[in-house]
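protein.cif (mmCIF, C-alpha atoms) appears below.
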```
data_data
#
loop_
_atom_site.label_atom_id
_atom_site.label_comp_id
_atom_site.auth_asym_id
_atom_site.auth_seq_id
_atom_site.Cartn_x
_atom_site.Cartn_y
_atom_site.Cartn_z
CA MET N 1 -33.04 -13.90 21.03
CA LYS N 2 -31.55 -13.28 24.48
CA ALA N 3 -28.02 -13.56 23.10
CA ILE N 4 -28.83 -11.09 20.32
CA ARG N 5 -30.41 -8.68 22.78
CA LEU N 6 -27.38 -8.85 25.10
CA THR N 7 -25.03 -8.36 22.15
CA LEU N 8 -26.92 -5.25 21.02
CA GLU N 9 -26.93 -4.03 24.60
CA SER N 10 -23.14 -4.48 24.68
CA PHE N 11 -22.85 -2.36 21.55
CA ARG N 12 -24.98 0.34 23.15
CA PHE N 13 -22.91 0.38 26.36
CA ALA N 14 -19.70 0.59 24.34
CA TRP N 15 -21.03 3.44 22.20
CA GLU N 16 -22.23 5.39 25.24
CA ALA N 17 -18.82 4.95 26.89
CA LEU N 18 -17.05 6.29 23.80
CA LYS N 19 -19.36 9.31 23.57
CA GLY N 20 -19.05 10.00 27.29
CA ASN N 21 -15.24 10.38 27.00
CA LEU N 22 -14.96 12.10 23.65
CA LEU N 23 -11.52 13.67 24.13
CA ARG N 24 -10.01 10.42 25.36
CA THR N 25 -11.66 8.59 22.45
CA VAL N 26 -10.16 10.98 19.90
CA LEU N 27 -6.69 10.72 21.43
CA SER N 28 -6.96 6.93 21.45
CA LEU N 29 -7.92 6.96 17.78
CA LEU N 30 -4.77 8.81 16.73
CA GLY N 31 -2.41 5.87 17.26
CA VAL N 32 -4.57 3.48 15.23
CA THR N 33 -5.22 6.16 12.60
CA VAL N 34 -1.49 6.73 12.10
CA GLY N 35 -0.82 2.98 12.01
CA ILE N 36 -3.51 2.16 9.45
CA PHE N 37 -2.54 5.23 7.43
CA ALA N 38 1.10 4.09 7.35
CA ILE N 39 0.30 0.53 6.28
CA ILE N 40 -2.36 1.33 3.67
CA ALA N 41 -0.41 4.33 2.32
CA VAL N 42 2.65 2.13 1.72
CA PHE N 43 0.55 -0.59 0.06
CA THR N 44 -1.29 2.01 -2.04
CA VAL N 45 1.98 3.48 -3.31
CA VAL N 46 3.35 0.00 -4.04
CA ASP N 47 0.16 -1.02 -5.89
CA SER N 48 0.18 2.22 -7.88
CA LEU N 49 3.86 1.79 -8.75
CA GLU N 50 3.30 -1.77 -9.93
CA LYS N 51 0.25 -0.82 -12.00
CA ASN N 52 2.08 2.15 -13.53
CA ILE N 53 5.15 0.10 -14.43
CA ARG N 54 3.05 -2.71 -15.90
CA SER N 55 1.05 -0.25 -17.99
CA SER N 56 4.32 1.38 -19.11
CA MET N 57 5.41 -2.01 -20.42
CA ASN N 58 2.21 -2.84 -22.30
CA PHE N 59 4.15 -2.45 -25.54
CA VAL N 60 5.67 -5.91 -25.02
CA GLY N 61 2.25 -7.45 -25.62
CA ASP N 62 0.60 -10.53 -24.16
CA LYS N 63 1.10 -14.20 -25.09
CA VAL N 64 4.03 -13.27 -27.32
CA ILE N 65 7.35 -15.04 -27.86
CA TYR N 66 10.18 -12.74 -28.91
CA VAL N 67 13.13 -14.14 -30.86
CA ASP N 68 16.10 -12.00 -29.91
CA LYS N 69 19.84 -11.95 -29.43
CA TRP N 70 19.76 -11.15 -25.71
CA PRO N 71 17.73 -12.98 -23.07
CA TRP N 72 15.61 -10.93 -20.67
CA GLU N 73 17.56 -11.67 -17.53
CA PHE N 74 18.16 -9.66 -14.40
CA GLY N 75 20.67 -9.63 -11.60
CA PRO N 76 24.41 -9.26 -11.11
CA ASP N 77 25.19 -12.71 -12.53
CA PHE N 78 24.07 -11.84 -16.07
CA ALA N 79 26.62 -13.53 -18.37
CA TRP N 80 26.57 -10.92 -21.14
CA TRP N 81 29.79 -12.22 -22.71
CA LYS N 82 28.00 -15.44 -23.68
CA TYR N 83 25.54 -13.55 -25.85
CA PHE N 84 27.64 -10.71 -27.24
CA ASN N 85 28.75 -12.55 -30.39
CA ARG N 86 25.37 -14.04 -31.21
CA PRO N 87 23.80 -13.10 -34.57
CA VAL N 88 20.64 -11.03 -34.46
CA PRO N 89 17.36 -12.14 -36.11
CA ASN N 90 17.05 -11.13 -39.74
CA THR N 91 14.46 -10.88 -42.50
CA ARG N 92 15.31 -14.31 -43.92
CA GLU N 93 14.54 -15.98 -40.60
CA TYR N 94 11.35 -13.94 -40.29
CA ARG N 95 10.18 -15.15 -43.71
CA LEU N 96 11.07 -18.73 -42.78
CA LEU N 97 9.03 -18.60 -39.58
CA GLN N 98 6.18 -16.85 -41.37
CA LYS N 99 6.10 -19.60 -44.01
CA GLN N 100 6.74 -22.73 -41.94
CA LEU N 101 5.07 -22.06 -38.57
CA GLY N 102 2.00 -24.20 -38.06
CA PRO N 103 -1.46 -23.14 -36.83
CA ASN N 104 -0.22 -22.49 -33.27
CA ASN N 105 0.22 -18.74 -33.80
CA ALA N 106 -2.05 -15.75 -34.35
CA GLY N 107 0.53 -13.67 -36.18
CA ILE N 108 4.25 -13.00 -36.65
CA ALA N 109 6.08 -9.71 -37.10
CA ILE N 110 9.58 -8.33 -37.42
CA PHE N 111 10.44 -4.91 -36.08
CA ALA N 112 13.37 -2.66 -35.24
CA SER N 113 13.69 0.72 -33.59
CA LYS N 114 15.98 3.70 -33.22
CA SER N 115 15.80 6.54 -30.70
CA GLY N 116 17.20 10.07 -30.89
CA ASN N 117 15.58 11.09 -34.19
CA THR N 118 14.69 14.63 -35.26
CA PHE N 119 11.45 15.26 -37.18
CA LYS N 120 10.88 18.49 -39.13
CA ALA N 121 7.73 19.92 -40.68
CA GLY N 122 8.16 23.48 -41.98
CA SER N 123 9.50 25.60 -39.14
CA ASN N 124 8.48 23.08 -36.49
CA SER N 125 10.66 20.25 -35.25
CA VAL N 126 10.72 17.47 -32.65
CA ASP N 127 13.93 16.14 -31.13
CA ASP N 128 14.70 12.76 -29.54
CA ALA N 129 11.78 11.00 -31.22
CA PHE N 130 11.47 7.21 -31.29
CA LEU N 131 11.24 5.65 -34.78
CA GLN N 132 10.10 2.08 -35.19
CA GLY N 133 9.92 0.01 -38.36
CA VAL N 134 7.30 -2.75 -38.26
CA SER N 135 5.86 -5.42 -40.51
CA TYR N 136 2.12 -5.63 -41.20
CA ASP N 137 1.19 -8.02 -38.36
CA TYR N 138 2.86 -5.90 -35.70
CA ARG N 139 -0.54 -4.66 -34.50
CA ILE N 140 -1.33 -8.29 -33.57
CA ILE N 141 1.87 -8.57 -31.55
CA SER N 142 1.50 -5.25 -29.72
CA ASP N 143 -1.13 -2.56 -29.28
CA VAL N 144 -1.08 0.31 -31.79
CA PRO N 145 -3.86 2.62 -30.48
CA VAL N 146 -4.73 4.68 -33.56
CA ALA N 147 -7.07 7.51 -32.51
CA GLN N 148 -7.17 9.36 -35.86
CA GLY N 149 -6.63 7.97 -39.32
CA ARG N 150 -5.76 4.32 -39.90
CA TYR N 151 -3.16 1.56 -39.67
CA PHE N 152 -0.90 0.51 -42.57
CA THR N 153 -2.25 -1.53 -45.44
CA ALA N 154 -0.43 -4.69 -46.53
CA GLN N 155 0.46 -2.96 -49.81
CA GLU N 156 2.08 -0.05 -47.99
CA VAL N 157 4.20 -2.37 -45.87
CA ASP N 158 5.17 -4.67 -48.75
CA GLY N 159 6.00 -1.66 -50.95
CA ALA N 160 8.08 0.00 -48.18
CA ARG N 161 6.16 3.24 -48.70
CA ASN N 162 7.03 6.36 -46.73
CA VAL N 163 3.91 6.54 -44.57
CA ALA N 164 3.83 6.95 -40.79
CA ILE N 165 1.67 6.66 -37.70
CA ILE N 166 2.82 9.27 -35.20
CA GLY N 167 2.35 9.87 -31.47
CA ALA N 168 0.11 12.54 -30.00
CA ASP N 169 2.98 14.75 -28.79
CA ILE N 170 4.70 14.60 -32.17
CA ALA N 171 1.45 15.57 -33.92
CA ALA N 172 0.88 18.48 -31.52
CA ASN N 173 4.43 19.84 -31.97
CA LEU N 174 4.81 19.37 -35.71
CA PHE N 175 1.28 20.43 -36.67
CA PRO N 176 -0.01 22.61 -33.82
CA ASP N 177 -2.61 24.52 -35.85
CA ARG N 178 -4.01 21.80 -38.10
CA SER N 179 -4.77 18.10 -38.37
CA ALA N 180 -1.70 15.94 -38.83
CA LEU N 181 -3.46 13.52 -41.20
CA GLY N 182 -2.13 13.86 -44.75
CA GLN N 183 0.72 16.16 -43.67
CA GLU N 184 4.40 15.46 -44.33
CA PHE N 185 7.45 15.54 -42.11
CA LYS N 186 11.11 14.89 -42.80
CA THR N 187 13.64 12.75 -40.93
CA ARG N 188 17.00 11.22 -41.88
CA GLY N 189 16.66 12.66 -45.39
CA GLN N 190 13.30 10.95 -46.05
CA ARG N 191 9.81 12.46 -46.28
CA PHE N 192 6.89 10.64 -44.67
CA THR N 193 3.16 11.17 -44.99
CA VAL N 194 1.10 10.89 -41.82
CA ILE N 195 -1.73 8.37 -42.13
CA GLY N 196 -2.53 7.95 -38.44
CA VAL N 197 -2.17 9.59 -35.02
CA MET N 198 -2.08 7.49 -31.85
CA GLU N 199 -4.17 8.32 -28.81
CA LYS N 200 -2.59 10.28 -25.98
CA ALA N 201 -0.83 7.96 -23.52
CA GLY N 202 0.23 10.56 -20.93
CA LYS N 203 3.18 10.45 -18.59
CA SER N 204 4.31 7.25 -16.92
CA LEU N 205 6.84 6.50 -14.22
CA LEU N 206 9.07 4.50 -16.57
CA GLU N 207 9.54 6.34 -19.83
CA ILE N 208 10.88 3.23 -21.57
CA LYS N 209 8.92 3.93 -24.72
CA SER N 210 5.89 6.19 -24.77
CA ASN N 211 3.60 6.15 -27.78
CA ASP N 212 3.31 9.94 -27.42
CA THR N 213 6.85 10.31 -28.81
CA ASN N 214 6.82 7.16 -30.94
CA THR N 215 6.42 6.81 -34.68
CA PHE N 216 5.68 3.66 -36.68
CA ILE N 217 6.76 3.25 -40.28
CA PRO N 218 6.86 0.16 -42.56
CA PHE N 219 9.83 -2.11 -41.91
CA GLY N 220 11.06 -1.73 -45.48
CA ALA N 221 11.04 2.07 -45.21
CA PHE N 222 12.95 1.78 -41.94
CA SER N 223 15.52 -0.44 -43.68
CA LYS N 224 16.13 2.30 -46.25
CA ILE N 225 17.20 4.67 -43.45
CA PHE N 226 19.08 2.33 -41.11
CA ALA N 227 21.23 -0.70 -41.79
CA ILE N 228 19.50 -3.70 -40.20
CA ASN N 229 22.50 -5.61 -38.94
CA PRO N 230 22.33 -9.40 -39.44
CA GLY N 231 25.72 -9.91 -37.80
CA THR N 232 27.30 -9.01 -34.48
CA GLY N 233 28.78 -5.59 -35.21
CA SER N 234 27.29 -2.14 -34.82
CA GLY N 235 23.92 -1.25 -36.31
CA VAL N 236 20.23 -1.57 -35.61
CA SER N 237 19.08 -4.99 -34.45
CA ALA N 238 15.74 -6.49 -35.40
CA THR N 239 13.44 -8.62 -33.26
CA ILE N 240 10.90 -11.23 -34.35
CA GLY N 241 7.67 -11.53 -32.35
CA VAL N 242 5.25 -14.46 -32.58
CA LYS N 243 1.77 -14.13 -31.08
CA GLY N 244 0.35 -17.26 -29.45
CA LEU N 245 -3.23 -18.49 -29.36
CA ASP N 246 -5.56 -18.27 -26.37
CA THR N 247 -6.02 -22.05 -26.63
CA ASP N 248 -2.32 -22.49 -25.81
CA PRO N 249 -2.02 -20.65 -22.46
CA GLY N 250 1.47 -21.93 -21.72
CA LEU N 251 2.69 -21.34 -25.31
CA LEU N 252 4.73 -24.53 -24.98
CA ASP N 253 3.77 -25.92 -28.40
CA LEU N 254 4.59 -22.62 -30.07
CA GLU N 255 7.88 -22.30 -28.20
CA TYR N 256 8.99 -25.79 -29.23
CA GLU N 257 8.08 -25.10 -32.85
CA VAL N 258 9.87 -21.74 -32.97
CA THR N 259 12.94 -23.26 -31.32
CA GLY N 260 13.10 -26.07 -33.87
CA LEU N 261 12.71 -23.77 -36.86
CA MET N 262 15.31 -21.28 -35.58
CA ARG N 263 17.85 -24.04 -34.87
CA SER N 264 17.25 -25.39 -38.38
CA ALA N 265 17.59 -21.92 -39.94
CA ARG N 266 20.92 -21.36 -38.19
CA GLY N 267 22.25 -24.86 -38.90
CA LEU N 268 22.72 -25.82 -35.27
CA LYS N 269 23.53 -29.43 -34.44
CA PRO N 270 21.45 -31.26 -31.81
CA ARG N 271 24.13 -30.90 -29.10
CA GLU N 272 24.98 -27.30 -29.87
CA GLU N 273 23.72 -24.57 -27.57
CA ALA N 274 21.12 -22.24 -29.11
CA ASN N 275 22.58 -18.93 -30.28
CA PHE N 276 19.27 -17.08 -29.90
CA ALA N 277 16.94 -16.25 -27.01
CA LEU N 278 13.20 -16.78 -26.75
CA ASN N 279 11.83 -14.10 -24.44
CA ARG N 280 8.31 -13.81 -23.05
CA PRO N 281 6.54 -10.95 -21.20
CA GLU N 282 5.97 -13.31 -18.26
CA MET N 283 9.70 -12.97 -17.49
CA LEU N 284 9.27 -9.25 -16.89
CA ALA N 285 5.99 -9.79 -15.02
CA SER N 286 7.55 -12.30 -12.62
CA ALA N 287 10.52 -10.00 -11.99
CA ILE N 288 8.19 -7.06 -11.29
CA SER N 289 5.98 -9.17 -9.00
CA GLY N 290 8.99 -10.38 -7.03
CA LEU N 291 10.30 -6.84 -6.60
CA PHE N 292 6.99 -5.44 -5.37
CA SER N 293 6.39 -8.40 -3.10
CA ILE N 294 9.58 -7.43 -1.29
CA LEU N 295 8.52 -3.78 -1.16
CA GLY N 296 5.10 -4.81 0.16
CA VAL N 297 6.60 -6.90 2.94
CA ALA N 298 8.96 -4.07 3.89
CA GLY N 299 6.08 -1.62 3.95
CA GLY N 300 3.98 -3.97 6.05
CA VAL N 301 6.79 -4.34 8.61
CA ILE N 302 7.24 -0.55 8.83
CA GLY N 303 3.51 0.00 9.22
CA SER N 304 3.28 -2.77 11.81
CA PHE N 305 5.47 -0.79 14.20
CA ALA N 306 3.04 2.11 13.97
CA MET N 307 0.14 -0.28 14.57
CA LEU N 308 1.96 -1.72 17.59
CA VAL N 309 2.14 1.73 19.15
CA GLY N 310 -1.55 2.27 18.40
CA GLY N 311 -2.44 -1.09 19.94
CA PHE N 312 -0.61 -0.24 23.17
CA GLY N 313 -2.48 3.06 23.29
CA ILE N 314 -5.85 1.31 22.94
CA ALA N 315 -4.93 -1.25 25.61
CA ASN N 316 -3.86 1.50 28.01
CA ILE N 317 -7.12 3.41 27.51
CA MET N 318 -9.14 0.23 28.04
CA PHE N 319 -7.38 -0.47 31.35
CA VAL N 320 -8.23 3.07 32.44
CA SER N 321 -11.82 2.59 31.30
CA VAL N 322 -12.17 -0.63 33.34
CA LYS N 323 -10.75 1.14 36.39
CA GLU N 324 -13.17 4.05 36.03
CA ARG N 325 -16.25 1.84 35.56
CA THR N 326 -15.48 -0.82 38.17
CA ASN N 327 -18.43 0.34 40.29
CA ILE N 328 -20.80 0.18 37.31
CA ILE N 329 -19.53 -3.32 36.46
CA GLY N 330 -20.37 -4.43 40.02
CA ILE N 331 -23.89 -3.02 39.75
CA GLN N 332 -24.42 -4.74 36.37
CA LYS N 333 -23.27 -8.07 37.79
CA SER N 334 -25.46 -7.72 40.87
CA LEU N 335 -28.44 -7.21 38.56
CA GLY N 336 -27.66 -10.47 36.74
CA ALA N 337 -25.25 -9.51 33.96
CA LYS N 338 -23.22 -12.49 32.81
CA ASN N 339 -19.44 -12.49 32.50
CA TYR N 340 -19.59 -12.70 28.68
CA PHE N 341 -21.86 -9.63 28.62
CA ILE N 342 -19.24 -7.59 30.48
CA LEU N 343 -16.46 -9.07 28.32
CA PHE N 344 -18.28 -8.22 25.06
CA GLN N 345 -19.04 -4.74 26.33
CA PHE N 346 -15.36 -3.81 26.74
CA LEU N 347 -14.17 -5.86 23.77
CA PHE N 348 -16.66 -4.13 21.48
CA GLU N 349 -15.50 -0.78 22.83
CA ALA N 350 -11.88 -1.59 21.88
CA VAL N 351 -12.92 -2.84 18.45
CA PHE N 352 -15.04 0.28 17.88
CA LEU N 353 -12.10 2.48 18.74
CA CYS N 354 -9.84 0.68 16.31
CA LEU N 355 -12.46 0.61 13.55
CA LEU N 356 -13.02 4.35 13.86
CA GLY N 357 -9.27 4.96 13.85
CA GLY N 358 -8.79 2.63 10.89
CA ALA N 359 -11.59 4.32 8.95
CA ALA N 360 -9.98 7.70 9.63
CA GLY N 361 -6.62 6.39 8.36
CA LEU N 362 -8.24 4.99 5.22
CA LEU N 363 -10.01 8.30 4.65
CA LEU N 364 -6.69 10.15 4.82
CA VAL N 365 -5.17 7.80 2.23
CA TRP N 366 -8.23 8.25 0.01
CA PHE N 367 -7.85 12.05 0.20
CA ILE N 368 -4.22 11.69 -0.90
CA THR N 369 -5.28 9.62 -3.94
CA LEU N 370 -7.49 12.53 -5.01
CA ILE N 371 -4.46 14.81 -5.42
CA PRO N 372 -3.68 15.02 -9.17
CA GLN N 373 -0.45 13.24 -10.07
CA ASP N 374 1.02 13.29 -13.57
CA SER N 375 3.66 10.57 -13.41
CA LEU N 376 2.22 8.34 -10.66
CA PRO N 377 -1.59 8.35 -10.28
CA LEU N 378 -2.45 6.79 -6.92
CA PHE N 379 -5.41 4.49 -6.39
CA MET N 380 -6.70 2.57 -3.37
CA SER N 381 -8.21 -0.81 -4.15
CA GLY N 382 -11.12 -2.44 -2.37
CA GLY N 383 -8.78 -5.17 -1.17
CA ARG N 384 -6.62 -2.61 0.65
CA ILE N 385 -9.71 -1.07 2.28
CA ALA N 386 -10.80 -4.50 3.48
CA LEU N 387 -7.25 -5.15 4.73
CA GLY N 388 -7.23 -1.90 6.71
CA LEU N 389 -10.56 -2.63 8.38
CA THR N 390 -9.59 -6.24 9.11
CA VAL N 391 -6.31 -5.17 10.72
CA SER N 392 -8.23 -2.60 12.76
CA VAL N 393 -10.60 -5.25 14.10
CA LEU N 394 -7.73 -7.61 14.96
CA ILE N 395 -5.79 -4.88 16.75
CA GLY N 396 -8.92 -3.98 18.69
CA MET N 397 -9.49 -7.56 19.75
CA VAL N 398 -5.85 -8.09 20.77
CA ALA N 399 -5.62 -4.76 22.61
CA GLY N 400 -8.98 -5.14 24.34
CA ILE N 401 -9.08 -8.81 25.28
CA VAL N 402 -7.01 -8.56 28.49
CA PRO N 403 -8.88 -5.51 29.94
CA ALA N 404 -12.20 -7.14 28.94
CA VAL N 405 -11.32 -10.42 30.68
CA LEU N 406 -10.26 -8.55 33.82
CA ALA N 407 -13.55 -6.64 33.82
CA ALA N 408 -15.60 -9.80 33.28
CA ASN N 409 -13.91 -11.62 36.19
CA LEU N 410 -14.37 -8.87 38.78
CA ASP N 411 -16.12 -9.89 41.98
CA PRO N 412 -19.44 -7.96 42.09
CA VAL N 413 -19.24 -7.22 45.81
CA ILE N 414 -15.70 -5.83 45.63
CA ALA N 415 -16.52 -3.99 42.41
CA ILE N 416 -19.57 -2.21 43.92
CA ARG N 417 -17.47 -1.00 46.85
CA ALA N 418 -14.78 0.39 44.54
CA LYS N 419 -14.54 4.17 44.24
#
```
Translate the structure of the given file into structure tokens.
Amino acid sequence: MKAIRLTLESFRFAWEALKGNLLRTVLSLLGVTVGIFAIIAVFTVVDSLEKNIRSSMNFVGDKVIYVDKWPWEFGPDFAWWKYFNRPVPNTREYRLLQKQLGPNNAGIAIFASKSGNTFKAGSNSVDDAFLQGVSYDYRIISDVPVAQGRYFTAQEVDGARNVAIIGADIAANLFPDRSALGQEFKTRGQRFTVIGVMEKAGKSLLEIKSNDTNTFIPFGAFSKIFAINPGTGSGVSATIGVKGLDTDPGLLDLEYEVTGLMRSARGLKPREEANFALNRPEMLASAISGLFSILGVAGGVIGSFAMLVGGFGIANIMFVSVKERTNIIGIQKSLGAKNYFILFQFLFEAVFLCLLGGAAGLLLVWFITLIPQDSLPLFMSGGRIALGLTVSVLIGMVAGIVPAVLAANLDPVIAIRAK
């Protein structure tokens, strides 16, 4: 009980000292406030960037293996010449995988896409639209967020009917004064009937492929417009996607099975190198994580310099505070105050200063996140708040420990005589 009472008394002394020198307290807070603001602001921007980019790439799906011509590789050492003459996946291989794959998959789809399309409906038109032909199970491979209407039926896909699911921006531009469902638009000499409208996705930092300007049609209907190239020349290339099961988190069994069937379909001998690539979203995720880890470290180093300046400011103020209250320290010691009581008193004061400064820095970052942003919405996570407060406490302890030890070790007789 005595230790608790002395601790609370130390808090009270520290609080009274901070209130008694309000201007000095505010000036001392500025260094820590700027430091915490710099660190947490950088981490907040990095977190928001990573979240935005990951959400922009949700179209690649989760637990999916993509059979493609090109591997998803990054860096200056990408050996593109090794893959240039590879054949692209085709419908025959898709049918083979669909027929012979075992129970290790949740669905398989083939799809192809083409950008730069123009859609027309009456006097309205949309330029640079994204057109994507998909098989029936594509909605298992990737998210197709239909807000109005419905998805394709198996009969529509098998019959290569001219039906379409369009993005929100396309619907708003082609049919501004009425519902898009049941309406027709024309592209590449073909008329399509709208059976679904996707929900509004909004702007993202990476406009790789936004559903707002995307349109899905059956793969057969897409093949009537564009030549799906099974060889290595010019044309539209198709991709095969195979969705794995939740019971196979590593997708190793599925990957081995797909590899074996594709090698058999292409007549590859056991020692021959595969002329296809199996890509997985984890490749992109690991590349993104590595990039933002580097950015986070760089931001932490930059913010640390600001915190260093703030720490020196707190230490300087604490030395001044010890000098000013030397006489009071002597009186406290003469009345029986222990060394640890004096040490805690000044250490708590330094920690309080840093906590108040850190809270002010966090509050500034939070205010910035409230500013509306179209392409990069900012958010501050609970982990970053905890990090800011923890760093504040550590800076306070480091900056205040030396002045606190000096105050605790003062001789009471000499301290009382000090002016």
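One finds CA of Gly313 in chain N at 9.0 Å from CA of Leu30 in chain N.
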Residues picked by the PyMOL selection byres ((chain N and resi 32-45) around 7) here, as a VMD selection string? chain N and resid 29 to 31 46 to 49 296 299 to 300 303 306 to 307 310 to 311 354 357 to 358 360 to 362 364 to 365 378 to 380 384 388
Store the residues picked out above in a file with C-alpha atoms, as a short mmCIF file (atom, residue, chain, number, x, y, z; two decimals), in the coordinates of the input.
```
data_model
loop_
_atom_site.label_atom_id
_atom_site.label_comp_id
_atom_site.auth_asym_id
_atom_site.auth_seq_id
_atom_site.Cartn_x
_atom_site.Cartn_y
_atom_site.Cartn_z
CA LEU N 29 -7.92 6.96 17.78
CA LEU N 30 -4.77 8.81 16.73
CA GLY N 31 -2.41 5.87 17.26
CA VAL N 46 3.35 0.00 -4.04
CA ASP N 47 0.16 -1.02 -5.89
CA SER N 48 0.18 2.22 -7.88
CA LEU N 49 3.86 1.79 -8.75
CA GLY N 296 5.10 -4.81 0.16
CA GLY N 299 6.08 -1.62 3.95
CA GLY N 300 3.98 -3.97 6.05
CA GLY N 303 3.51 0.00 9.22
CA ALA N 306 3.04 2.11 13.97
CA MET N 307 0.14 -0.28 14.57
CA GLY N 310 -1.55 2.27 18.40
CA GLY N 311 -2.44 -1.09 19.94
CA CYS N 354 -9.84 0.68 16.31
CA GLY N 357 -9.27 4.96 13.85
CA GLY N 358 -8.79 2.63 10.89
CA ALA N 360 -9.98 7.70 9.63
CA GLY N 361 -6.62 6.39 8.36
CA LEU N 362 -8.24 4.99 5.22
CA LEU N 364 -6.69 10.15 4.82
CA VAL N 365 -5.17 7.80 2.23
CA LEU N 378 -2.45 6.79 -6.92
CA PHE N 379 -5.41 4.49 -6.39
CA MET N 380 -6.70 2.57 -3.37
CA ARG N 384 -6.62 -2.61 0.65
CA GLY N 388 -7.23 -1.90 6.71
#
```
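One finds CA of Val393 in chain N at 16.3 Å from CA of Ile317 in chain N.
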Show me, as an MDAnalysis selection string, the residues that have an atom within 12 Å of Asp253 in chain N when counting only C-alpha atoms, minus same-chain residues fewer than 3 positions from it. chainID N and resid 65 101:105 244:245 247:250 256:260
Quick one: everything within 10 Å of Gly167 in chain N, counting all atoms listed in the file, minus sequence neighbours fewer than 2 positions away in the same chain. Send it as an MDAnalysis selection string. chainID N and resid 129:130 145:147 164:165 169:172 196:201 210:216
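Coordinates place CA of Ser237 in chain N at a distance of 22.3 Å from CA of Lys63 in chain N.
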Applied to this file, what does the PyMOL selection byres ((chain N and resi 410) around 10) return in terms of residues, put as a JSON list (two decimals) with C-alpha atoms, in the frame of the given file?
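Below you can see selection.json, which holds the result:
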```json
[["chain", "number", "residue", "atom", "x", "y", "z"],
["N", 326, "THR", "CA", -15.48, -0.82, 38.17],
["N", 329, "ILE", "CA", -19.53, -3.32, 36.46],
["N", 330, "GLY", "CA", -20.37, -4.43, 40.02],
["N", 333, "LYS", "CA", -23.27, -8.07, 37.79],
["N", 339, "ASN", "CA", -19.44, -12.49, 32.50],
["N", 342, "ILE", "CA", -19.24, -7.59, 30.48],
["N", 405, "VAL", "CA", -11.32, -10.42, 30.68],
["N", 406, "LEU", "CA", -10.26, -8.55, 33.82],
["N", 407, "ALA", "CA", -13.55, -6.64, 33.82],
["N", 408, "ALA", "CA", -15.60, -9.80, 33.28],
["N", 409, "ASN", "CA", -13.91, -11.62, 36.19],
["N", 411, "ASP", "CA", -16.12, -9.89, 41.98],
["N", 412, "PRO", "CA", -19.44, -7.96, 42.09],
["N", 413, "VAL", "CA", -19.24, -7.22, 45.81],
["N", 414, "ILE", "CA", -15.70, -5.83, 45.63],
["N", 415, "ALA", "CA", -16.52, -3.99, 42.41],
["N", 416, "ILE", "CA", -19.57, -2.21, 43.92]]
```
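Considering the residues N:Gln100, N:Ala277, N:Val236, N:Val157 and counting only C-alpha atoms, Lys82 in chain N has its shortest atom-to-atom contact with N:Ala277.
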Starting from the point (18.2, 12.9, -31.3), work out which residues of protein, DNA or RNA have an atom no more than 9 Å away when counting all atoms listed in the file; state them as number ranges by chain. N: 115-118, 126-130
Go through N:Ser28, N:Gln183, N:Ser125, N:Ser142 one by one, measure the shortest atom-to-atom distance of each to Val242 in chain N using only C-alpha atoms, and give the residue with the smallest value. N:Ser142
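Minimum distance to Thr390 in chain N across N:Lys338, N:Ala359, N:Gly107, N:Val402 (counting all atoms listed in the file) occurs at N:Ala359.
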Picked residues, the PyMOL selection byres ((chain N and resi 89) around 9), expected as a PyMOL selection string: chain N and resi 67-69+87-88+90-94+110+229-231+237-240+276
Protein, DNA and RNA residues within 12 Å of (11.4, 3.4, -48.4), all atoms listed in the file, as a ChimeraX atom specification: /N:133,156-164,188-193,217-226
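Distance check against Asp246 in chain N using all atoms listed in the file: of N:Val194, N:Val64, N:Ala386, N:Asn85, the minimum falls on N:Val64.
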